[in-house]
$ cat query.cif   # mmCIF, N, CA and C atoms
data_entry
loop_
_atom_site.label_atom_id
_atom_site.label_comp_id
_atom_site.auth_asym_id
_atom_site.auth_seq_id
_atom_site.Cartn_x
_atom_site.Cartn_y
_atom_site.Cartn_z
N MET A 1 5.38 21.46 -6.50
CA MET A 1 4.18 22.24 -6.72
C MET A 1 4.45 23.68 -6.26
N ALA A 2 3.98 24.62 -7.07
CA ALA A 2 4.08 26.04 -6.72
C ALA A 2 2.70 26.54 -6.29
N TYR A 3 2.71 27.63 -5.56
CA TYR A 3 1.48 28.24 -5.07
C TYR A 3 1.32 29.64 -5.63
N TRP A 4 0.07 30.02 -5.80
CA TRP A 4 -0.28 31.29 -6.43
C TRP A 4 -1.49 31.91 -5.74
N LEU A 5 -1.81 33.11 -6.15
CA LEU A 5 -3.04 33.77 -5.75
C LEU A 5 -3.63 34.40 -7.00
N VAL A 6 -4.91 34.15 -7.24
CA VAL A 6 -5.62 34.77 -8.36
C VAL A 6 -6.79 35.57 -7.80
N LYS A 7 -7.01 36.73 -8.40
CA LYS A 7 -8.05 37.63 -7.91
C LYS A 7 -9.20 37.72 -8.89
N SER A 8 -10.39 37.86 -8.33
CA SER A 8 -11.58 38.10 -9.12
C SER A 8 -12.55 38.96 -8.32
N GLU A 9 -13.17 39.90 -8.99
CA GLU A 9 -14.21 40.68 -8.34
C GLU A 9 -15.46 39.82 -8.26
N PRO A 10 -16.02 39.67 -7.06
CA PRO A 10 -17.15 38.75 -6.89
C PRO A 10 -18.35 39.07 -7.77
N HIS A 11 -18.56 40.32 -8.10
CA HIS A 11 -19.71 40.65 -8.95
C HIS A 11 -19.47 40.23 -10.41
N LYS A 12 -18.19 39.98 -10.76
CA LYS A 12 -17.88 39.49 -12.12
C LYS A 12 -17.75 37.97 -12.16
N TYR A 13 -17.03 37.41 -11.19
CA TYR A 13 -16.87 35.96 -11.12
C TYR A 13 -16.49 35.60 -9.69
N ALA A 14 -17.45 35.09 -8.95
CA ALA A 14 -17.27 34.79 -7.53
C ALA A 14 -16.89 33.32 -7.32
N TRP A 15 -16.48 33.01 -6.10
CA TRP A 15 -16.17 31.63 -5.73
C TRP A 15 -17.36 30.72 -6.01
N THR A 16 -18.57 31.18 -5.75
CA THR A 16 -19.75 30.37 -6.01
C THR A 16 -19.89 30.05 -7.49
N ASP A 17 -19.48 30.97 -8.36
CA ASP A 17 -19.48 30.71 -9.81
C ASP A 17 -18.45 29.64 -10.15
N MET A 18 -17.28 29.73 -9.51
CA MET A 18 -16.22 28.75 -9.74
C MET A 18 -16.70 27.36 -9.36
N VAL A 19 -17.32 27.24 -8.21
CA VAL A 19 -17.82 25.94 -7.75
C VAL A 19 -18.92 25.43 -8.68
N ARG A 20 -19.83 26.31 -9.07
CA ARG A 20 -20.93 25.93 -9.97
C ARG A 20 -20.36 25.42 -11.31
N ASP A 21 -19.38 26.14 -11.85
CA ASP A 21 -18.84 25.79 -13.18
C ASP A 21 -17.93 24.56 -13.15
N GLY A 22 -17.25 24.33 -12.04
CA GLY A 22 -16.38 23.16 -11.93
C GLY A 22 -15.04 23.31 -12.63
N ARG A 23 -14.93 24.28 -13.51
CA ARG A 23 -13.69 24.54 -14.25
C ARG A 23 -13.93 25.81 -15.05
N THR A 24 -12.87 26.61 -15.19
CA THR A 24 -13.01 27.82 -16.00
C THR A 24 -11.67 28.26 -16.56
N ILE A 25 -11.74 29.07 -17.57
CA ILE A 25 -10.55 29.71 -18.12
C ILE A 25 -10.25 30.94 -17.28
N TRP A 26 -9.00 31.13 -16.91
CA TRP A 26 -8.58 32.34 -16.20
C TRP A 26 -7.95 33.24 -17.24
N ASP A 27 -8.75 34.16 -17.74
CA ASP A 27 -8.34 35.01 -18.86
C ASP A 27 -8.51 36.48 -18.52
N GLY A 28 -8.23 37.33 -19.49
CA GLY A 28 -8.43 38.76 -19.32
C GLY A 28 -7.29 39.46 -18.60
N VAL A 29 -6.22 38.76 -18.29
CA VAL A 29 -5.07 39.37 -17.61
C VAL A 29 -4.25 40.15 -18.63
N ARG A 30 -4.07 41.45 -18.36
CA ARG A 30 -3.33 42.29 -19.30
C ARG A 30 -2.13 42.98 -18.68
N ASN A 31 -1.87 42.70 -17.42
CA ASN A 31 -0.68 43.21 -16.75
C ASN A 31 0.47 42.27 -17.08
N HIS A 32 1.62 42.84 -17.47
CA HIS A 32 2.73 41.99 -17.92
C HIS A 32 3.31 41.12 -16.81
N THR A 33 3.39 41.64 -15.60
CA THR A 33 3.91 40.83 -14.48
C THR A 33 2.95 39.69 -14.17
N ALA A 34 1.66 39.98 -14.14
CA ALA A 34 0.67 38.93 -13.90
C ALA A 34 0.71 37.89 -15.03
N ALA A 35 0.93 38.34 -16.26
CA ALA A 35 1.02 37.41 -17.40
C ALA A 35 2.23 36.50 -17.26
N ILE A 36 3.34 37.03 -16.79
CA ILE A 36 4.53 36.21 -16.55
C ILE A 36 4.20 35.14 -15.52
N ASN A 37 3.45 35.51 -14.49
CA ASN A 37 3.06 34.54 -13.47
C ASN A 37 2.15 33.46 -14.05
N LEU A 38 1.21 33.84 -14.91
CA LEU A 38 0.35 32.83 -15.55
C LEU A 38 1.19 31.85 -16.36
N ARG A 39 2.18 32.37 -17.09
CA ARG A 39 3.03 31.49 -17.91
C ARG A 39 3.86 30.54 -17.05
N ALA A 40 4.14 30.92 -15.82
CA ALA A 40 4.96 30.09 -14.93
C ALA A 40 4.14 28.99 -14.25
N MET A 41 2.83 29.07 -14.29
CA MET A 41 1.98 28.07 -13.63
C MET A 41 2.09 26.72 -14.33
N LYS A 42 2.15 25.69 -13.52
CA LYS A 42 2.26 24.32 -14.03
C LYS A 42 1.04 23.51 -13.62
N LEU A 43 0.77 22.47 -14.39
CA LEU A 43 -0.32 21.56 -14.09
C LEU A 43 -0.19 21.05 -12.66
N GLY A 44 -1.26 21.15 -11.90
CA GLY A 44 -1.24 20.68 -10.52
C GLY A 44 -0.89 21.73 -9.49
N ASP A 45 -0.36 22.88 -9.93
CA ASP A 45 -0.11 23.97 -8.99
C ASP A 45 -1.44 24.38 -8.36
N ARG A 46 -1.38 24.99 -7.20
CA ARG A 46 -2.57 25.44 -6.50
C ARG A 46 -2.54 26.96 -6.37
N ALA A 47 -3.73 27.55 -6.29
CA ALA A 47 -3.83 29.00 -6.13
C ALA A 47 -4.96 29.34 -5.16
N PHE A 48 -4.71 30.35 -4.35
CA PHE A 48 -5.79 30.90 -3.55
C PHE A 48 -6.71 31.69 -4.47
N PHE A 49 -7.99 31.61 -4.22
CA PHE A 49 -9.01 32.37 -4.95
C PHE A 49 -9.39 33.54 -4.05
N TYR A 50 -9.10 34.75 -4.52
CA TYR A 50 -9.27 35.95 -3.71
C TYR A 50 -10.37 36.83 -4.28
N HIS A 51 -11.30 37.23 -3.44
CA HIS A 51 -12.33 38.18 -3.84
C HIS A 51 -11.77 39.59 -3.67
N SER A 52 -11.58 40.29 -4.77
CA SER A 52 -11.06 41.66 -4.71
C SER A 52 -12.20 42.67 -4.70
N ASN A 53 -11.88 43.87 -4.32
CA ASN A 53 -12.82 45.00 -4.22
C ASN A 53 -13.92 44.76 -3.20
N GLU A 54 -14.77 43.78 -3.40
CA GLU A 54 -15.82 43.46 -2.43
C GLU A 54 -15.36 42.25 -1.61
N GLY A 55 -15.34 42.41 -0.32
CA GLY A 55 -14.93 41.30 0.54
C GLY A 55 -13.45 41.35 0.87
N LYS A 56 -12.62 41.50 -0.13
CA LYS A 56 -11.17 41.52 0.04
C LYS A 56 -10.72 40.39 0.96
N GLU A 57 -10.93 39.16 0.46
CA GLU A 57 -10.60 38.00 1.29
C GLU A 57 -10.31 36.79 0.40
N ILE A 58 -9.45 35.92 0.92
CA ILE A 58 -9.18 34.63 0.28
C ILE A 58 -10.30 33.70 0.71
N VAL A 59 -10.99 33.11 -0.28
CA VAL A 59 -12.16 32.30 0.03
C VAL A 59 -12.03 30.84 -0.36
N GLY A 60 -11.09 30.51 -1.25
CA GLY A 60 -10.99 29.13 -1.71
C GLY A 60 -9.65 28.82 -2.34
N ILE A 61 -9.54 27.58 -2.79
CA ILE A 61 -8.34 27.08 -3.44
C ILE A 61 -8.74 26.47 -4.78
N VAL A 62 -7.98 26.82 -5.82
CA VAL A 62 -8.17 26.22 -7.13
C VAL A 62 -6.89 25.52 -7.56
N GLU A 63 -7.03 24.62 -8.52
CA GLU A 63 -5.88 23.90 -9.08
C GLU A 63 -5.75 24.27 -10.55
N ILE A 64 -4.50 24.39 -11.00
CA ILE A 64 -4.24 24.65 -12.42
C ILE A 64 -4.45 23.32 -13.15
N VAL A 65 -5.42 23.29 -14.06
CA VAL A 65 -5.75 22.06 -14.77
C VAL A 65 -5.38 22.12 -16.25
N ARG A 66 -4.95 23.28 -16.72
CA ARG A 66 -4.39 23.42 -18.06
C ARG A 66 -3.39 24.55 -18.02
N GLU A 67 -2.17 24.26 -18.45
CA GLU A 67 -1.12 25.27 -18.46
C GLU A 67 -1.40 26.33 -19.52
N HIS A 68 -0.60 27.37 -19.46
CA HIS A 68 -0.86 28.57 -20.27
C HIS A 68 -1.00 28.28 -21.77
N TYR A 69 -1.90 29.05 -22.35
CA TYR A 69 -2.13 29.07 -23.79
C TYR A 69 -2.60 30.47 -24.12
N LEU A 70 -2.69 30.79 -25.39
CA LEU A 70 -3.09 32.15 -25.75
C LEU A 70 -4.53 32.43 -25.33
N ASP A 71 -4.71 33.57 -24.71
CA ASP A 71 -6.04 34.00 -24.28
C ASP A 71 -6.88 34.23 -25.53
N PRO A 72 -7.98 33.48 -25.68
CA PRO A 72 -8.80 33.63 -26.88
C PRO A 72 -9.43 35.01 -27.03
N LYS A 73 -9.48 35.79 -25.95
CA LYS A 73 -10.04 37.13 -26.02
C LYS A 73 -9.01 38.19 -26.39
N ASP A 74 -7.76 37.78 -26.51
CA ASP A 74 -6.68 38.72 -26.84
C ASP A 74 -6.40 38.68 -28.34
N ALA A 75 -6.97 39.64 -29.06
CA ALA A 75 -6.83 39.68 -30.52
C ALA A 75 -5.37 39.82 -30.96
N ALA A 76 -4.56 40.45 -30.13
CA ALA A 76 -3.14 40.64 -30.47
C ALA A 76 -2.32 39.37 -30.24
N GLY A 77 -2.87 38.41 -29.51
CA GLY A 77 -2.16 37.15 -29.29
C GLY A 77 -0.94 37.26 -28.40
N ARG A 78 -0.96 38.19 -27.44
CA ARG A 78 0.21 38.38 -26.58
C ARG A 78 0.03 37.83 -25.18
N PHE A 79 -1.20 37.72 -24.71
CA PHE A 79 -1.41 37.39 -23.30
C PHE A 79 -1.93 35.96 -23.12
N PRO A 80 -1.50 35.32 -22.02
CA PRO A 80 -1.87 33.93 -21.76
C PRO A 80 -3.15 33.80 -20.94
N ALA A 81 -3.63 32.59 -20.90
CA ALA A 81 -4.72 32.18 -20.01
C ALA A 81 -4.35 30.80 -19.48
N VAL A 82 -4.96 30.40 -18.38
CA VAL A 82 -4.84 29.03 -17.87
C VAL A 82 -6.24 28.57 -17.52
N ASP A 83 -6.41 27.29 -17.32
CA ASP A 83 -7.69 26.77 -16.83
C ASP A 83 -7.50 26.36 -15.38
N VAL A 84 -8.52 26.65 -14.56
CA VAL A 84 -8.49 26.30 -13.15
C VAL A 84 -9.77 25.56 -12.77
N ALA A 85 -9.67 24.77 -11.71
CA ALA A 85 -10.82 24.03 -11.18
C ALA A 85 -10.82 24.19 -9.66
N PRO A 86 -11.99 24.23 -9.06
CA PRO A 86 -12.04 24.38 -7.60
C PRO A 86 -11.54 23.14 -6.89
N VAL A 87 -10.84 23.36 -5.78
CA VAL A 87 -10.38 22.27 -4.92
C VAL A 87 -11.22 22.27 -3.65
N ALA A 88 -11.26 23.41 -2.98
CA ALA A 88 -12.02 23.50 -1.72
C ALA A 88 -12.19 24.95 -1.32
N ALA A 89 -13.28 25.21 -0.62
CA ALA A 89 -13.46 26.51 0.03
C ALA A 89 -12.63 26.50 1.31
N LEU A 90 -12.15 27.65 1.72
CA LEU A 90 -11.50 27.74 3.01
C LEU A 90 -12.57 27.61 4.10
N GLU A 91 -12.20 27.00 5.21
CA GLU A 91 -13.15 26.88 6.33
C GLU A 91 -13.71 28.24 6.70
N ASN A 92 -12.82 29.21 6.79
CA ASN A 92 -13.18 30.60 7.08
C ASN A 92 -12.38 31.48 6.14
N PRO A 93 -13.01 32.44 5.47
CA PRO A 93 -12.25 33.35 4.62
C PRO A 93 -11.17 34.07 5.42
N VAL A 94 -10.07 34.38 4.76
CA VAL A 94 -8.98 35.13 5.38
C VAL A 94 -8.95 36.50 4.73
N THR A 95 -9.23 37.52 5.53
CA THR A 95 -9.36 38.87 5.00
C THR A 95 -8.00 39.51 4.73
N LEU A 96 -8.02 40.49 3.86
CA LEU A 96 -6.82 41.27 3.59
C LEU A 96 -6.35 41.96 4.86
N ALA A 97 -7.27 42.45 5.66
CA ALA A 97 -6.91 43.11 6.92
C ALA A 97 -6.15 42.15 7.84
N ALA A 98 -6.61 40.90 7.93
CA ALA A 98 -5.93 39.90 8.77
C ALA A 98 -4.55 39.58 8.21
N ILE A 99 -4.45 39.50 6.90
CA ILE A 99 -3.15 39.23 6.26
C ILE A 99 -2.18 40.37 6.54
N LYS A 100 -2.64 41.60 6.38
CA LYS A 100 -1.77 42.77 6.63
C LYS A 100 -1.36 42.87 8.09
N ALA A 101 -2.19 42.37 8.99
CA ALA A 101 -1.90 42.45 10.42
C ALA A 101 -0.92 41.37 10.88
N ASP A 102 -0.65 40.38 10.05
CA ASP A 102 0.22 39.26 10.43
C ASP A 102 1.65 39.53 9.96
N PRO A 103 2.60 39.71 10.88
CA PRO A 103 3.98 39.98 10.48
C PRO A 103 4.58 38.89 9.58
N ALA A 104 4.12 37.66 9.74
CA ALA A 104 4.64 36.56 8.91
C ALA A 104 4.27 36.72 7.44
N LEU A 105 3.27 37.57 7.16
CA LEU A 105 2.81 37.75 5.78
C LEU A 105 3.15 39.13 5.21
N ALA A 106 4.03 39.86 5.89
CA ALA A 106 4.38 41.22 5.48
C ALA A 106 4.98 41.28 4.09
N GLU A 107 5.66 40.23 3.65
CA GLU A 107 6.30 40.23 2.33
C GLU A 107 5.45 39.56 1.25
N MET A 108 4.25 39.11 1.61
CA MET A 108 3.37 38.46 0.63
C MET A 108 3.06 39.44 -0.50
N GLU A 109 3.07 38.94 -1.72
CA GLU A 109 2.83 39.80 -2.89
C GLU A 109 1.48 40.51 -2.80
N LEU A 110 0.49 39.88 -2.20
CA LEU A 110 -0.82 40.51 -2.03
C LEU A 110 -0.69 41.81 -1.24
N VAL A 111 0.24 41.86 -0.33
CA VAL A 111 0.49 43.05 0.48
C VAL A 111 1.42 44.00 -0.26
N ARG A 112 2.49 43.49 -0.81
CA ARG A 112 3.51 44.31 -1.46
C ARG A 112 3.06 44.91 -2.79
N GLN A 113 2.36 44.13 -3.59
CA GLN A 113 1.88 44.58 -4.90
C GLN A 113 0.38 44.32 -4.96
N SER A 114 -0.36 45.11 -4.23
CA SER A 114 -1.77 44.85 -4.01
C SER A 114 -2.63 44.85 -5.27
N ARG A 115 -2.18 45.50 -6.33
CA ARG A 115 -2.99 45.56 -7.54
C ARG A 115 -2.71 44.41 -8.51
N LEU A 116 -1.71 43.59 -8.21
CA LEU A 116 -1.35 42.47 -9.08
C LEU A 116 -2.41 41.38 -9.01
N SER A 117 -2.97 41.01 -10.16
CA SER A 117 -4.11 40.08 -10.19
C SER A 117 -3.73 38.60 -10.15
N VAL A 118 -2.49 38.29 -10.45
CA VAL A 118 -1.98 36.92 -10.37
C VAL A 118 -0.60 37.01 -9.74
N ALA A 119 -0.43 36.38 -8.58
CA ALA A 119 0.83 36.56 -7.84
C ALA A 119 1.30 35.24 -7.25
N PRO A 120 2.61 35.08 -7.12
CA PRO A 120 3.14 33.90 -6.44
C PRO A 120 2.90 33.98 -4.95
N VAL A 121 2.83 32.82 -4.31
CA VAL A 121 2.68 32.71 -2.85
C VAL A 121 3.78 31.75 -2.39
N ARG A 122 4.58 32.19 -1.45
CA ARG A 122 5.65 31.34 -0.91
C ARG A 122 5.06 30.21 -0.06
N ASP A 123 5.79 29.11 0.06
CA ASP A 123 5.32 27.95 0.82
C ASP A 123 4.88 28.32 2.23
N ALA A 124 5.71 29.10 2.93
CA ALA A 124 5.39 29.49 4.31
C ALA A 124 4.14 30.37 4.36
N GLU A 125 3.96 31.23 3.36
CA GLU A 125 2.76 32.07 3.30
C GLU A 125 1.52 31.22 3.08
N TRP A 126 1.64 30.25 2.19
CA TRP A 126 0.53 29.33 1.92
C TRP A 126 0.11 28.63 3.22
N ALA A 127 1.09 28.09 3.91
CA ALA A 127 0.80 27.36 5.15
C ALA A 127 0.19 28.29 6.20
N ARG A 128 0.68 29.51 6.30
CA ARG A 128 0.16 30.44 7.29
C ARG A 128 -1.29 30.84 6.98
N VAL A 129 -1.61 31.11 5.72
CA VAL A 129 -2.99 31.46 5.36
C VAL A 129 -3.92 30.29 5.66
N LEU A 130 -3.49 29.08 5.35
CA LEU A 130 -4.32 27.92 5.66
C LEU A 130 -4.55 27.79 7.17
N GLU A 131 -3.51 28.05 7.93
CA GLU A 131 -3.62 28.01 9.39
C GLU A 131 -4.62 29.07 9.87
N MET A 132 -4.55 30.26 9.29
CA MET A 132 -5.46 31.35 9.67
C MET A 132 -6.91 31.04 9.31
N SER A 133 -7.11 30.20 8.31
CA SER A 133 -8.48 29.90 7.86
C SER A 133 -9.19 28.88 8.75
N ARG A 134 -8.46 28.24 9.65
CA ARG A 134 -9.06 27.20 10.51
C ARG A 134 -9.66 27.79 11.76
#
$ encode --input "query.cif" --output "structure tokens"
Amino acid sequence: MAYWLVKSEPHKYAWTDMVRDGRTIWDGVRNHTAAINLRAMKLGDRAFFYHSNEGKEIVGIVEIVREHYLDPKDAAGRFPAVDVAPVAALENPVTLAAIKADPALAEMELVRQSRLSVAPVRDAEWARVLEMSR
């Protein structure tokens, strides 16, 4: 299983929307690096759900429930989408400030490439964020 981080602005699609919907398409990604990451996601992979702009914190975990397919909103047919479903909310959100303050997370893509909307998360980073959320 691989780990990821997906970002959403809470005023557009918040964790509460994810929980309410039970499953959603993760679409609208137009950055080529983020698109490569979407294509690499496999069924059963997990991703942190991150509130960007407002909150700037990891709030939950989702599971990839459908591997990449063409984003139906992309008329050019170049960019992928995946489907995700909620797994669990974190006990306590983990803020970007807390992540940046932790030397163990200095190389996390969220820190290194802060504007990337879909990013890989290393096993040790995943475990550390979960530890921080308790």
$ closest_residue --input "query.cif" --among "A:Ala76, A:Leu96, A:Val65, A:Ala119" --to "A:Leu43" --atoms "only N, CA and C atoms"
A:Val65
$ closest_residue --input "query.cif" --among "A:Trp15, A:Val6, A:Ser114, A:His68" --to "A:Pro80" --atoms "only N, CA and C atoms"
A:His68
$ atom_distance --input "query.cif" --atom1 "atom CA of A:Leu5" --atom2 "atom CA of A:Tyr50"
6.9 Å
$ atom_distance --input "query.cif" --atom1 "atom N of A:Met132" --atom2 "atom C of A:Trp4"
15.4 Å
$ select_by_dssp --input "query.cif" --residues "chain A" --states "alpha helix (DSSP H)" --output "PDB file with N, CA and C atoms, in the frame of the given file"
ATOM      1  N   TRP A  15     -16.480  33.010  -6.100  1.00  0.00           N
ATOM      2  CA  TRP A  15     -16.170  31.630  -5.730  1.00  0.00           C
ATOM      3  C   TRP A  15     -17.360  30.720  -6.010  1.00  0.00           C
ATOM      4  N   THR A  16     -18.570  31.180  -5.750  1.00  0.00           N
ATOM      5  CA  THR A  16     -19.750  30.370  -6.010  1.00  0.00           C
ATOM      6  C   THR A  16     -19.890  30.050  -7.490  1.00  0.00           C
ATOM      7  N   ASP A  17     -19.480  30.970  -8.360  1.00  0.00           N
ATOM      8  CA  ASP A  17     -19.480  30.710  -9.810  1.00  0.00           C
ATOM      9  C   ASP A  17     -18.450  29.640 -10.150  1.00  0.00           C
ATOM     10  N   MET A  18     -17.280  29.730  -9.510  1.00  0.00           N
ATOM     11  CA  MET A  18     -16.220  28.750  -9.740  1.00  0.00           C
ATOM     12  C   MET A  18     -16.700  27.360  -9.360  1.00  0.00           C
ATOM     13  N   VAL A  19     -17.320  27.240  -8.210  1.00  0.00           N
ATOM     14  CA  VAL A  19     -17.820  25.940  -7.750  1.00  0.00           C
ATOM     15  C   VAL A  19     -18.920  25.430  -8.680  1.00  0.00           C
ATOM     16  N   ARG A  20     -19.830  26.310  -9.070  1.00  0.00           N
ATOM     17  CA  ARG A  20     -20.930  25.930  -9.970  1.00  0.00           C
ATOM     18  C   ARG A  20     -20.360  25.420 -11.310  1.00  0.00           C
ATOM     19  N   ASP A  21     -19.380  26.140 -11.850  1.00  0.00           N
ATOM     20  CA  ASP A  21     -18.840  25.790 -13.180  1.00  0.00           C
ATOM     21  C   ASP A  21     -17.930  24.560 -13.150  1.00  0.00           C
ATOM     22  N   HIS A  32       1.620  42.840 -17.470  1.00  0.00           N
ATOM     23  CA  HIS A  32       2.730  41.990 -17.920  1.00  0.00           C
ATOM     24  C   HIS A  32       3.310  41.120 -16.810  1.00  0.00           C
ATOM     25  N   THR A  33       3.390  41.640 -15.600  1.00  0.00           N
ATOM     26  CA  THR A  33       3.910  40.830 -14.480  1.00  0.00           C
ATOM     27  C   THR A  33       2.950  39.690 -14.170  1.00  0.00           C
ATOM     28  N   ALA A  34       1.660  39.980 -14.140  1.00  0.00           N
ATOM     29  CA  ALA A  34       0.670  38.930 -13.900  1.00  0.00           C
ATOM     30  C   ALA A  34       0.710  37.890 -15.030  1.00  0.00           C
ATOM     31  N   ALA A  35       0.930  38.340 -16.260  1.00  0.00           N
ATOM     32  CA  ALA A  35       1.020  37.410 -17.400  1.00  0.00           C
ATOM     33  C   ALA A  35       2.230  36.500 -17.260  1.00  0.00           C
ATOM     34  N   ILE A  36       3.340  37.030 -16.790  1.00  0.00           N
ATOM     35  CA  ILE A  36       4.530  36.210 -16.550  1.00  0.00           C
ATOM     36  C   ILE A  36       4.200  35.140 -15.520  1.00  0.00           C
ATOM     37  N   ASN A  37       3.450  35.510 -14.490  1.00  0.00           N
ATOM     38  CA  ASN A  37       3.060  34.540 -13.470  1.00  0.00           C
ATOM     39  C   ASN A  37       2.150  33.460 -14.050  1.00  0.00           C
ATOM     40  N   LEU A  38       1.210  33.840 -14.910  1.00  0.00           N
ATOM     41  CA  LEU A  38       0.350  32.830 -15.550  1.00  0.00           C
ATOM     42  C   LEU A  38       1.190  31.850 -16.360  1.00  0.00           C
ATOM     43  N   ARG A  39       2.180  32.370 -17.090  1.00  0.00           N
ATOM     44  CA  ARG A  39       3.030  31.490 -17.910  1.00  0.00           C
ATOM     45  C   ARG A  39       3.860  30.540 -17.050  1.00  0.00           C
ATOM     46  N   ALA A  40       4.140  30.920 -15.820  1.00  0.00           N
ATOM     47  CA  ALA A  40       4.960  30.090 -14.930  1.00  0.00           C
ATOM     48  C   ALA A  40       4.140  28.990 -14.250  1.00  0.00           C
ATOM     49  N   LEU A  96      -8.020  40.490   3.860  1.00  0.00           N
ATOM     50  CA  LEU A  96      -6.820  41.270   3.590  1.00  0.00           C
ATOM     51  C   LEU A  96      -6.350  41.960   4.860  1.00  0.00           C
ATOM     52  N   ALA A  97      -7.270  42.450   5.660  1.00  0.00           N
ATOM     53  CA  ALA A  97      -6.910  43.110   6.920  1.00  0.00           C
ATOM     54  C   ALA A  97      -6.150  42.150   7.840  1.00  0.00           C
ATOM     55  N   ALA A  98      -6.610  40.900   7.930  1.00  0.00           N
ATOM     56  CA  ALA A  98      -5.930  39.900   8.770  1.00  0.00           C
ATOM     57  C   ALA A  98      -4.550  39.580   8.210  1.00  0.00           C
ATOM     58  N   ILE A  99      -4.450  39.500   6.900  1.00  0.00           N
ATOM     59  CA  ILE A  99      -3.150  39.230   6.260  1.00  0.00           C
ATOM     60  C   ILE A  99      -2.180  40.370   6.540  1.00  0.00           C
ATOM     61  N   LYS A 100      -2.640  41.600   6.380  1.00  0.00           N
ATOM     62  CA  LYS A 100      -1.770  42.770   6.630  1.00  0.00           C
ATOM     63  C   LYS A 100      -1.360  42.870   8.090  1.00  0.00           C
ATOM     64  N   ALA A 101      -2.190  42.370   8.990  1.00  0.00           N
ATOM     65  CA  ALA A 101      -1.900  42.450  10.420  1.00  0.00           C
ATOM     66  C   ALA A 101      -0.920  41.370  10.880  1.00  0.00           C
ATOM     67  N   GLU A 109       3.070  38.940  -1.720  1.00  0.00           N
ATOM     68  CA  GLU A 109       2.830  39.800  -2.890  1.00  0.00           C
ATOM     69  C   GLU A 109       1.480  40.510  -2.800  1.00  0.00           C
ATOM     70  N   LEU A 110       0.490  39.880  -2.200  1.00  0.00           N
ATOM     71  CA  LEU A 110      -0.820  40.510  -2.030  1.00  0.00           C
ATOM     72  C   LEU A 110      -0.690  41.810  -1.240  1.00  0.00           C
ATOM     73  N   VAL A 111       0.240  41.860  -0.330  1.00  0.00           N
ATOM     74  CA  VAL A 111       0.490  43.050   0.480  1.00  0.00           C
ATOM     75  C   VAL A 111       1.420  44.000  -0.260  1.00  0.00           C
ATOM     76  N   ARG A 112       2.490  43.490  -0.810  1.00  0.00           N
ATOM     77  CA  ARG A 112       3.510  44.310  -1.460  1.00  0.00           C
ATOM     78  C   ARG A 112       3.060  44.910  -2.790  1.00  0.00           C
ATOM     79  N   ASP A 123       5.790  29.110   0.060  1.00  0.00           N
ATOM     80  CA  ASP A 123       5.320  27.950   0.820  1.00  0.00           C
ATOM     81  C   ASP A 123       4.880  28.320   2.230  1.00  0.00           C
ATOM     82  N   ALA A 124       5.710  29.100   2.930  1.00  0.00           N
ATOM     83  CA  ALA A 124       5.390  29.490   4.310  1.00  0.00           C
ATOM     84  C   ALA A 124       4.140  30.370   4.360  1.00  0.00           C
ATOM     85  N   GLU A 125       3.960  31.230   3.360  1.00  0.00           N
ATOM     86  CA  GLU A 125       2.760  32.070   3.300  1.00  0.00           C
ATOM     87  C   GLU A 125       1.520  31.220   3.080  1.00  0.00           C
ATOM     88  N   TRP A 126       1.640  30.250   2.190  1.00  0.00           N
ATOM     89  CA  TRP A 126       0.530  29.330   1.920  1.00  0.00           C
ATOM     90  C   TRP A 126       0.110  28.630   3.220  1.00  0.00           C
ATOM     91  N   ALA A 127       1.090  28.090   3.910  1.00  0.00           N
ATOM     92  CA  ALA A 127       0.800  27.360   5.150  1.00  0.00           C
ATOM     93  C   ALA A 127       0.190  28.290   6.200  1.00  0.00           C
ATOM     94  N   ARG A 128       0.680  29.510   6.300  1.00  0.00           N
ATOM     95  CA  ARG A 128       0.160  30.440   7.290  1.00  0.00           C
ATOM     96  C   ARG A 128      -1.290  30.840   6.980  1.00  0.00           C
ATOM     97  N   VAL A 129      -1.610  31.110   5.720  1.00  0.00           N
ATOM     98  CA  VAL A 129      -2.990  31.460   5.360  1.00  0.00           C
ATOM     99  C   VAL A 129      -3.920  30.290   5.660  1.00  0.00           C
ATOM    100  N   LEU A 130      -3.490  29.080   5.350  1.00  0.00           N
ATOM    101  CA  LEU A 130      -4.320  27.920   5.660  1.00  0.00           C
ATOM    102  C   LEU A 130      -4.550  27.790   7.170  1.00  0.00           C
ATOM    103  N   GLU A 131      -3.510  28.050   7.930  1.00  0.00           N
ATOM    104  CA  GLU A 131      -3.620  28.010   9.390  1.00  0.00           C
ATOM    105  C   GLU A 131      -4.620  29.070   9.870  1.00  0.00           C
ATOM    106  N   MET A 132      -4.550  30.260   9.290  1.00  0.00           N
ATOM    107  CA  MET A 132      -5.460  31.350   9.670  1.00  0.00           C
ATOM    108  C   MET A 132      -6.910  31.040   9.310  1.00  0.00           C
ATOM    109  N   SER A 133      -7.110  30.200   8.310  1.00  0.00           N
ATOM    110  CA  SER A 133      -8.480  29.900   7.860  1.00  0.00           C
ATOM    111  C   SER A 133      -9.190  28.880   8.750  1.00  0.00           C
TER     112      SER A 133
END
$ resolve_selection --input "query.cif" --expression "the PyMOL selection byres ((chain A and resi 91) around 6.5)" --output "PyMOL selection string"
chain A and resi 89-90+92-93+133-134
$ write_last_selection --input "query.cif" --atoms "N, CA and C atoms" --output "tab-separated table (two decimals), in the coordinates of the input"
chain	number	residue	atom	x	y	z
A	89	ALA	N	-13.28	25.21	-0.62
A	89	ALA	CA	-13.46	26.51	0.03
A	89	ALA	C	-12.63	26.50	1.31
A	90	LEU	N	-12.15	27.65	1.72
A	90	LEU	CA	-11.50	27.74	3.01
A	90	LEU	C	-12.57	27.61	4.10
A	92	ASN	N	-12.82	29.21	6.79
A	92	ASN	CA	-13.18	30.60	7.08
A	92	ASN	C	-12.38	31.48	6.14
A	93	PRO	N	-13.01	32.44	5.47
A	93	PRO	CA	-12.25	33.35	4.62
A	93	PRO	C	-11.17	34.07	5.42
A	133	SER	N	-7.11	30.20	8.31
A	133	SER	CA	-8.48	29.90	7.86
A	133	SER	C	-9.19	28.88	8.75
A	134	ARG	N	-8.46	28.24	9.65
A	134	ARG	CA	-9.06	27.20	10.51
A	134	ARG	C	-9.66	27.79	11.76
